[in-house]
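Trainee: So here's upload_35.txt (compact mmCIF, C-alpha atoms).
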# COMPACT_ATOMS: atom_id res chain seq x y z
CA MET O 1 2.14 33.31 24.77
CA GLY O 2 1.64 37.04 24.54
CA ALA O 3 -0.75 38.63 22.05
CA PHE O 4 1.52 39.72 19.20
CA GLY O 5 -1.14 40.32 16.56
CA GLY O 6 0.99 39.16 13.64
CA LEU O 7 4.55 39.77 12.47
CA ILE O 8 5.48 42.79 10.33
CA LEU O 9 8.10 42.76 7.58
CA THR O 10 11.00 45.12 8.27
CA LYS O 11 12.56 47.23 5.53
CA SER O 12 15.40 44.71 5.41
CA GLY O 13 12.81 41.96 5.11
CA LEU O 14 11.04 43.80 2.28
CA ALA O 15 14.33 44.28 0.44
CA LEU O 16 15.09 40.56 0.81
CA GLN O 17 11.56 39.75 -0.32
CA SER O 18 12.16 41.69 -3.56
CA LYS O 19 15.25 39.58 -4.23
CA VAL O 20 13.35 36.40 -3.42
CA GLN O 21 10.75 37.24 -6.07
CA LEU O 22 13.61 37.33 -8.60
CA GLY O 23 14.80 33.85 -7.63
CA THR O 24 16.90 34.25 -4.49
CA THR O 25 16.28 31.57 -1.88
CA LEU O 26 14.70 32.79 1.35
CA HIS O 27 16.71 31.01 4.05
CA PHE O 28 15.52 31.42 7.65
CA THR O 29 18.16 31.06 10.34
CA ARG O 30 16.53 31.46 13.78
CA ILE O 31 13.76 32.90 15.94
CA ALA O 32 14.67 35.41 18.64
CA MET O 33 12.81 36.30 21.84
CA GLY O 34 13.22 39.44 23.91
CA ASP O 35 11.70 41.74 26.52
CA GLY O 36 12.27 45.06 24.76
CA SER O 37 9.51 47.65 24.62
CA LEU O 38 8.71 49.94 21.73
CA THR O 39 9.36 53.54 22.74
CA GLY O 40 8.57 55.31 19.53
CA GLN O 41 10.61 53.08 17.21
CA SER O 42 9.10 52.05 13.91
CA ILE O 43 9.02 48.29 13.52
CA VAL O 44 9.86 48.48 9.82
CA ASP O 45 13.10 50.33 10.64
CA LEU O 46 14.33 47.76 13.16
CA LYS O 47 17.45 45.79 12.24
CA THR O 48 17.89 43.93 15.55
CA MET O 49 15.87 42.97 18.58
CA ILE O 50 15.42 45.74 21.12
CA SER O 51 16.48 43.53 24.02
CA GLU O 52 17.15 39.95 22.93
CA LYS O 53 17.00 37.32 25.70
CA LYS O 54 16.92 33.99 23.90
CA SER O 55 17.69 32.63 20.44
CA LEU O 56 15.80 29.55 19.25
CA PRO O 57 17.01 27.19 16.51
CA ILE O 58 14.43 26.56 13.81
CA THR O 59 12.72 23.18 13.86
CA LYS O 60 10.18 23.70 11.09
CA ALA O 61 9.84 25.74 7.91
CA GLU O 62 6.90 25.01 5.60
CA LYS O 63 5.27 26.90 2.74
CA LEU O 64 1.61 27.74 3.28
CA PRO O 65 -1.11 28.97 0.92
CA SER O 66 -1.73 32.72 0.46
CA ASN O 67 1.99 33.59 0.08
CA GLN O 68 2.80 32.64 3.66
CA ALA O 69 5.07 30.22 5.50
CA VAL O 70 5.25 28.84 9.02
CA VAL O 71 8.60 28.99 10.79
CA GLY O 72 8.69 27.02 14.03
CA ALA O 73 10.90 26.56 17.07
CA VAL O 74 10.76 24.95 20.51
CA LEU O 75 10.98 27.04 23.67
CA ASN O 76 12.37 25.36 26.79
CA ASN O 77 13.19 27.33 29.95
CA GLN O 78 15.68 24.82 31.35
CA ASP O 79 18.65 26.83 30.05
CA ILE O 80 17.26 30.22 31.14
CA SER O 81 19.12 31.61 34.13
CA THR O 82 17.03 34.76 34.58
CA GLY O 83 13.33 35.00 33.86
CA PHE O 84 12.04 37.64 31.45
CA TYR O 85 8.87 38.94 29.85
CA PHE O 86 8.41 37.54 26.38
CA ARG O 87 7.45 40.82 24.77
CA GLU O 88 9.14 40.78 21.37
CA ILE O 89 9.74 38.13 18.73
CA GLY O 90 11.78 38.30 15.55
CA VAL O 91 12.45 35.92 12.66
CA PHE O 92 15.91 36.19 11.14
CA ALA O 93 17.01 35.24 7.63
CA GLN O 94 20.28 34.82 5.82
CA ASN O 95 21.62 37.85 3.97
CA PRO O 96 22.11 36.67 0.35
CA ASP O 97 24.70 39.41 -0.18
CA GLY O 98 26.81 38.23 2.75
CA GLY O 99 27.37 39.92 6.05
CA SER O 100 25.18 39.73 9.14
CA GLU O 101 21.79 38.07 9.15
CA ILE O 102 18.65 40.10 8.51
CA LEU O 103 15.77 40.77 10.90
CA TYR O 104 13.14 39.64 8.40
CA CYS O 105 10.00 40.29 10.45
CA TYR O 106 9.14 41.42 13.97
CA ALA O 107 6.27 41.72 16.44
CA ASN O 108 5.86 43.22 19.92
CA ALA O 109 3.19 42.26 22.47
CA GLY O 110 3.67 45.40 24.61
CA LYS O 111 1.78 45.15 27.89
CA ASP O 112 0.43 41.70 26.95
CA ALA O 113 3.86 40.13 27.35
CA GLU O 114 4.11 36.68 28.97
CA TYR O 115 6.57 35.95 31.75
CA ILE O 116 9.08 33.16 31.04
CA PRO O 117 10.41 31.77 34.35
CA ALA O 118 14.01 30.73 34.86
CA ALA O 119 15.06 27.11 35.28
CA GLY O 120 15.13 25.55 38.73
CA GLY O 121 11.71 26.75 39.82
CA ALA O 122 8.35 25.06 40.00
CA ASP O 123 7.52 25.90 36.38
CA ILE O 124 9.02 23.70 33.68
CA LEU O 125 8.18 25.37 30.42
CA GLU O 126 8.27 23.73 27.03
CA ARG O 127 6.19 24.84 24.08
CA TYR O 128 6.13 25.20 20.34
CA ILE O 129 6.43 28.62 18.76
CA ASN O 130 5.12 28.90 15.22
CA ALA O 131 5.60 32.21 13.42
CA ILE O 132 3.47 32.85 10.34
CA VAL O 133 5.49 35.02 7.97
CA ILE O 134 4.86 36.55 4.54
CA VAL O 135 7.08 35.07 1.83
CA GLY O 136 5.33 36.12 -1.39
CA ASN O 137 4.73 33.73 -4.26
CA THR O 138 8.16 32.12 -4.15
CA ALA O 139 8.67 28.41 -3.63
CA ASN O 140 12.36 28.92 -2.75
CA ILE O 141 12.16 28.67 1.05
CA SER O 142 14.67 26.95 3.30
CA ALA O 143 15.84 27.07 6.90
CA THR O 144 18.69 26.04 9.13
CA ILE O 145 16.92 23.35 11.15
CA ASP O 146 18.31 21.80 14.32
CA GLN O 147 17.11 18.19 14.00
CA SER O 148 17.87 17.43 17.65
CA LEU O 149 15.15 19.86 18.75
CA ILE O 150 12.34 18.57 16.55
CA TYR O 151 9.37 17.31 18.57
CA LEU O 152 6.34 15.49 17.30
CA THR O 153 3.18 17.54 17.71
CA MET O 154 -0.31 16.06 17.82
CA GLN O 155 -0.94 17.68 14.45
CA ASP O 156 2.21 16.04 13.08
CA PHE O 157 1.16 12.70 14.56
CA ASN O 158 -2.35 12.89 13.10
CA GLN O 159 -0.92 13.88 9.76
CA HIS O 160 1.39 10.88 9.92
CA VAL O 161 -1.48 8.57 10.86
CA ASN O 162 -3.52 9.78 7.89
CA ASP O 163 -0.60 9.64 5.48
CA LYS O 164 -1.32 6.60 3.30
CA ALA O 165 2.17 6.68 1.84
CA ALA O 166 4.01 6.88 5.18
CA HIS O 167 7.22 4.89 5.55
CA GLY O 168 7.46 4.50 1.79
CA ALA O 169 4.37 2.28 1.60
CA THR O 170 3.48 1.49 -2.01
CA PRO O 171 1.13 -0.70 -4.07
CA ALA O 172 4.06 -1.64 -6.32
CA ALA O 173 6.03 -4.86 -5.82
CA THR O 174 8.97 -2.96 -4.33
CA ALA O 175 11.51 -4.97 -2.36
CA ASN O 176 11.55 -4.34 1.42
CA ALA O 177 8.69 -1.82 1.19
CA ILE O 178 5.49 -1.72 3.24
CA VAL O 179 2.41 -2.75 1.28
CA ARG O 180 -0.24 -0.12 0.54
CA ARG O 181 -3.42 -0.78 -1.43
CA ASP O 182 -4.05 1.40 -4.47
CA ASP O 183 -7.24 3.37 -5.16
CA ALA O 184 -8.94 0.18 -6.34
CA GLY O 185 -7.95 -1.75 -3.21
CA ARG O 186 -5.29 -3.82 -4.97
CA PHE O 187 -1.53 -4.21 -4.58
CA LYS O 188 1.23 -5.98 -6.48
CA ALA O 189 3.57 -8.80 -5.48
CA SER O 190 6.55 -10.48 -7.09
CA ALA O 191 6.26 -14.01 -8.43
CA PRO O 192 6.23 -16.48 -5.51
CA ALA O 193 9.27 -18.67 -4.89
CA ALA O 194 8.83 -20.31 -1.47
CA SER O 195 5.78 -22.42 -0.66
CA ASP O 196 4.50 -19.86 1.85
CA ASP O 197 4.89 -16.83 -0.44
CA VAL O 198 1.67 -15.07 -1.39
CA THR O 199 0.57 -15.88 -4.91
CA ARG O 200 -0.83 -13.65 -7.63
CA LYS O 201 -3.66 -13.71 -10.15
CA ALA O 202 -1.14 -14.76 -12.79
CA GLU O 203 -0.37 -17.99 -10.93
CA VAL O 204 -4.06 -18.69 -10.27
CA ASP O 205 -4.91 -18.06 -13.92
CA ALA O 206 -2.10 -20.38 -14.98
CA VAL O 207 -3.47 -23.18 -12.78
CA GLN O 208 -6.96 -22.66 -14.20
CA THR O 209 -5.57 -22.68 -17.75
CA ASN O 210 -3.68 -25.90 -17.08
CA LEU O 211 -6.79 -27.45 -15.54
CA THR O 212 -8.93 -26.40 -18.50
CA ASN O 213 -6.38 -27.73 -20.98
CA HIS O 214 -6.19 -30.97 -19.03
CA THR O 215 -9.98 -31.30 -18.97
CA ASN O 216 -10.24 -30.68 -22.69
CA ALA O 217 -7.28 -32.85 -23.67
CA GLY O 218 -8.04 -35.92 -25.81
CA THR O 219 -5.19 -37.93 -24.33
CA VAL O 220 -4.38 -37.79 -20.62
CA HIS O 221 -2.56 -40.06 -18.18
CA GLY O 222 -1.38 -42.32 -21.00
CA SER O 223 -4.89 -43.14 -22.21
CA THR O 224 -5.02 -45.12 -25.48
CA PRO O 225 -7.52 -46.88 -27.78
CA SER O 226 -5.18 -49.91 -27.85
CA ALA O 227 -5.68 -52.89 -25.56
CA THR O 228 -2.71 -51.85 -23.43
CA PRO O 229 -2.57 -53.47 -19.96
CA ASN O 230 -3.18 -51.11 -17.03
CA ALA O 231 -3.88 -48.13 -19.36
CA ILE O 232 -6.92 -45.88 -19.34
CA ALA O 233 -9.21 -46.61 -22.30
CA GLN O 234 -9.66 -43.89 -24.88
CA ARG O 235 -11.78 -43.93 -28.03
CA ASP O 236 -9.99 -43.49 -31.34
CA ALA O 237 -10.90 -41.01 -34.05
CA ASN O 238 -13.80 -43.25 -35.11
CA GLY O 239 -15.16 -43.57 -31.58
CA ARG O 240 -13.89 -47.16 -31.12
CA LEU O 241 -11.56 -48.76 -28.60
CA LYS O 242 -9.82 -52.14 -28.28
CA ALA O 243 -9.94 -54.78 -25.56
CA ALA O 244 -8.06 -58.03 -24.95
CA ALA O 245 -9.89 -61.35 -25.44
CA PRO O 246 -12.25 -61.95 -22.51
CA ALA O 247 -11.35 -64.58 -19.95
CA ALA O 248 -13.63 -64.12 -16.95
CA SER O 249 -17.38 -64.21 -17.35
CA ASP O 250 -17.64 -60.50 -16.53
CA ASP O 251 -14.95 -59.42 -19.00
CA VAL O 252 -16.21 -57.28 -21.89
CA ALA O 253 -16.73 -59.15 -25.12
CA ARG O 254 -15.47 -57.99 -28.49
CA LYS O 255 -16.77 -58.11 -32.03
CA ALA O 256 -14.60 -61.18 -32.54
CA GLU O 257 -16.55 -63.16 -29.92
CA VAL O 258 -19.89 -62.12 -31.41
CA ASP O 259 -18.73 -63.02 -34.93
CA ASP O 260 -17.58 -66.45 -33.72
CA ILE O 261 -21.10 -67.26 -32.55
CA ARG O 262 -22.59 -66.20 -35.86
CA SER O 263 -20.11 -68.24 -37.92
CA ASP O 264 -20.13 -71.45 -35.82
CA ALA O 265 -21.37 -73.95 -38.49
CA THR O 266 -20.86 -76.99 -36.24
CA LYS O 267 -23.94 -76.17 -34.25
CA PRO O 268 -27.03 -77.52 -36.09
CA PHE O 269 -30.10 -75.39 -36.20
CA ARG O 270 -33.00 -77.06 -34.46
CA VAL O 271 -36.28 -76.08 -32.91
CA GLU O 272 -37.63 -77.85 -29.85
CA VAL O 273 -41.02 -77.87 -28.20
CA ARG O 274 -40.58 -77.90 -24.44
CA THR O 275 -42.50 -77.30 -21.28
CA THR O 276 -39.45 -75.78 -19.52
CA ASP O 277 -36.50 -73.65 -20.55
CA PRO O 278 -33.19 -75.50 -21.06
CA VAL O 279 -30.67 -75.10 -18.24
CA ASN O 280 -27.67 -74.48 -20.53
CA PRO O 281 -28.92 -73.47 -23.97
CA GLU O 282 -26.42 -73.90 -26.77
CA PRO O 283 -25.64 -71.37 -29.47
CA GLY O 284 -28.23 -71.66 -32.25
CA GLN O 285 -30.73 -73.57 -30.08
CA VAL O 286 -34.35 -72.44 -30.48
CA TRP O 287 -37.30 -73.74 -28.45
CA CYS O 288 -40.99 -73.17 -27.93
CA ARG O 289 -42.87 -73.55 -24.69
CA GLU O 290 -46.00 -75.56 -25.38
CA ASP O 291 -47.35 -74.81 -22.00
CA LEU O 292 -47.35 -71.18 -22.95
CA LEU O 293 -48.95 -71.57 -26.37
CA LEU O 294 -52.50 -70.30 -26.71
Reformat the file's structure so that it appears as structure tokens.

Mentor:
Amino acid sequence: MGAFGGLILTKSGLALQSKVQLGTTLHFTRIAMGDGSLTGQSIVDLKTMISEKKSLPITKAEKLPSNQAVVGAVLNNQDISTGFYFREIGVFAQNPDGGSEILYCYANAGKDAEYIPAAGGADILERYINAIVIVGNTANISATIDQSLIYLTMQDFNQHVNDKAAHGATPAATANAIVRRDDAGRFKASAPAASDDVTRKAEVDAVQTNLTNHTNAGTVHGSTPSATPNAIAQRDANGRLKAAAPAASDDVARKAEVDDIRSDATKPFRVEVRTTDPVNPEPGQVWCREDLLL
């Protein structure tokens, strides 16, 4: 591209700028290219291009810092029938008072113009043209943008890659939205329904609470102090528990069986002196081993 050295506001552009500062929207309409040369004309007095050759629909209009904006378009030579020197460029804006559009700003490269070849030759030309224009401190900027001509630049792609909220990604539990972690590395989810749904801290905490309550519960799984068949034994409030009368030799005995031995008056109390222990001693039987006496 030729060396334009920056665009200059025309008088019409300055007048529009004054209205914009009072609240009028600055609406860009197109970018024009031409091969006209300055022959004594003052740029600020221009109202049209000197020799317009191509009009480009706007594909980008963004506010920049320092009271500037970038207005972009795409140049493609496939619809150019006759080549020309790209010597002049102008950015047009809508006239808020009606009537024809306004040449908002203009630049001319003079002898540093670049040749734009016609279609059908060896050179297939396609490039982005970004014009940096002065817009003042207004935020009311718009443009007539031809969406069919918008191309993705590497800058746009990198910006998209680094955009953490691209495609509506969010940490919130928003239906049909892409998940994005928040600044703490966390994200939300709705309560699970299917078995393969992700779960949340709330569900994990609930399981832990239930487990803790179960562990600390006094009665679980039908436990009871009563001598209930096939039930888990549980001590009562006094620390005791019941059992059925023993039948097998390895069944637990109860107080009742111990008391029966103590109260069995049919068994006489006798003391024997023996040299061996009895094979089946009876309740109340006492003996001394003489072979062990000193």

Trainee: Could you please determine the separation between CA of Lys201 in chain O and CA of Ala217 in chain O in Å, to one decimal place?

Mentor: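 So the answer is 23.7 Å.
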
Trainee: Please provide the set of residues having any atom within 10 Å of Ile8 in chain O, restricted to only C-alpha atoms, with same-chain residues fewer than 5 positions apart removed, written as a PyMOL selection string.

Mentor: chain O and resi 13-14+43-44+90+104-108+133-134

Trainee: Residues of range 98-129 of chain O that have any atom at most 6 Å from an atom of range 62-84 of chain O: could you tabulate them with the shortest-distance atom pair and the distance in Å to one decimal, using only C-alpha atoms, ordered by chain and increasing number, as a Markdown table?

Mentor:
| residue | atom | partner | partner_atom | distance |
| --- | --- | --- | --- | --- |
| O:Tyr115 | CA | O:Phe84 | CA | 5.7 |
| O:Ile116 | CA | O:Phe84 | CA | 5.4 |
| O:Pro117 | CA | O:Gly83 | CA | 4.4 |
| O:Ala118 | CA | O:Gly83 | CA | 4.4 |
| O:Ala119 | CA | O:Gln78 | CA | 4.6 |
| O:Leu125 | CA | O:Asn77 | CA | 5.4 |
| O:Glu126 | CA | O:Asn76 | CA | 4.4 |
| O:Arg127 | CA | O:Leu75 | CA | 5.3 |
| O:Tyr128 | CA | O:Val74 | CA | 4.6 |
| O:Ile129 | CA | O:Ala73 | CA | 5.2 |

Trainee: Separation of CA of Glu101 in chain O and CA of Thr29 in chain O, in Å?

Mentor: 8.0 Å

Trainee: What's the separation between CA of Arg180 in chain O and CA of Ala202 in chain O, in Å to one decimal place?

Mentor: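 Computing it gives 19.8 Å between the two atoms.
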
Trainee: Neighbours of Glu88 in chain O within 12 Å (only C-alpha atoms; same-chain residues fewer than 3 positions away dropped), as a count of residues only?

Mentor: 40

Trainee: Kindly provide, as a ChimeraX atom specification, the polymer residues lying within 10 Å of (3.5, -4.5, -0.6), counting only C-alpha atoms and using the coordinates exactly as they appear in the file.

Mentor: /O:169-181,186-190

Trainee: Write the residues of the preceding selection, restricted to C-alpha atoms, as an mmCIF file, in the frame of the given file.

Mentor:
data_model
loop_
_atom_site.group_PDB
_atom_site.id
_atom_site.type_symbol
_atom_site.label_atom_id
_atom_site.label_comp_id
_atom_site.auth_asym_id
_atom_site.auth_seq_id
_atom_site.Cartn_x
_atom_site.Cartn_y
_atom_site.Cartn_z
ATOM 1 C CA ALA O 169 4.370 2.280 1.600
ATOM 2 C CA THR O 170 3.480 1.490 -2.010
ATOM 3 C CA PRO O 171 1.130 -0.700 -4.070
ATOM 4 C CA ALA O 172 4.060 -1.640 -6.320
ATOM 5 C CA ALA O 173 6.030 -4.860 -5.820
ATOM 6 C CA THR O 174 8.970 -2.960 -4.330
ATOM 7 C CA ALA O 175 11.510 -4.970 -2.360
ATOM 8 C CA ASN O 176 11.550 -4.340 1.420
ATOM 9 C CA ALA O 177 8.690 -1.820 1.190
ATOM 10 C CA ILE O 178 5.490 -1.720 3.240
ATOM 11 C CA VAL O 179 2.410 -2.750 1.280
ATOM 12 C CA ARG O 180 -0.240 -0.120 0.540
ATOM 13 C CA ARG O 181 -3.420 -0.780 -1.430
ATOM 14 C CA ARG O 186 -5.290 -3.820 -4.970
ATOM 15 C CA PHE O 187 -1.530 -4.210 -4.580
ATOM 16 C CA LYS O 188 1.230 -5.980 -6.480
ATOM 17 C CA ALA O 189 3.570 -8.800 -5.480
ATOM 18 C CA SER O 190 6.550 -10.480 -7.090
#

Trainee: Would you mind telling me which residue in O:Gly239, O:Gly136, O:Gly121, O:Gly99 lies nearest to Leu26 in chain O when using only C-alpha atoms?

Mentor: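 Ranking O:Gly239, O:Gly136, O:Gly121, O:Gly99 by distance to Leu26 in chain O, first place goes to O:Gly136.
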
Trainee: Would you be able to write out as a list in words which residues have an atom within 10 Å of (15.0, 36.4, -1.7) in the file's coordinates, counting all atoms listed in the file?

Mentor: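 These residues have at least one counted atom within 10 Å: Gly13, Leu14, Ala15, Leu16, Gln17, Ser18, Lys19, Val20, Gln21, Leu22, Gly23, Thr24, Thr25, Leu26, His27, Ala93, Gln94, Asn95, Pro96, Val135, Gly136, Thr138, Asn140 and Ile141 of chain O.
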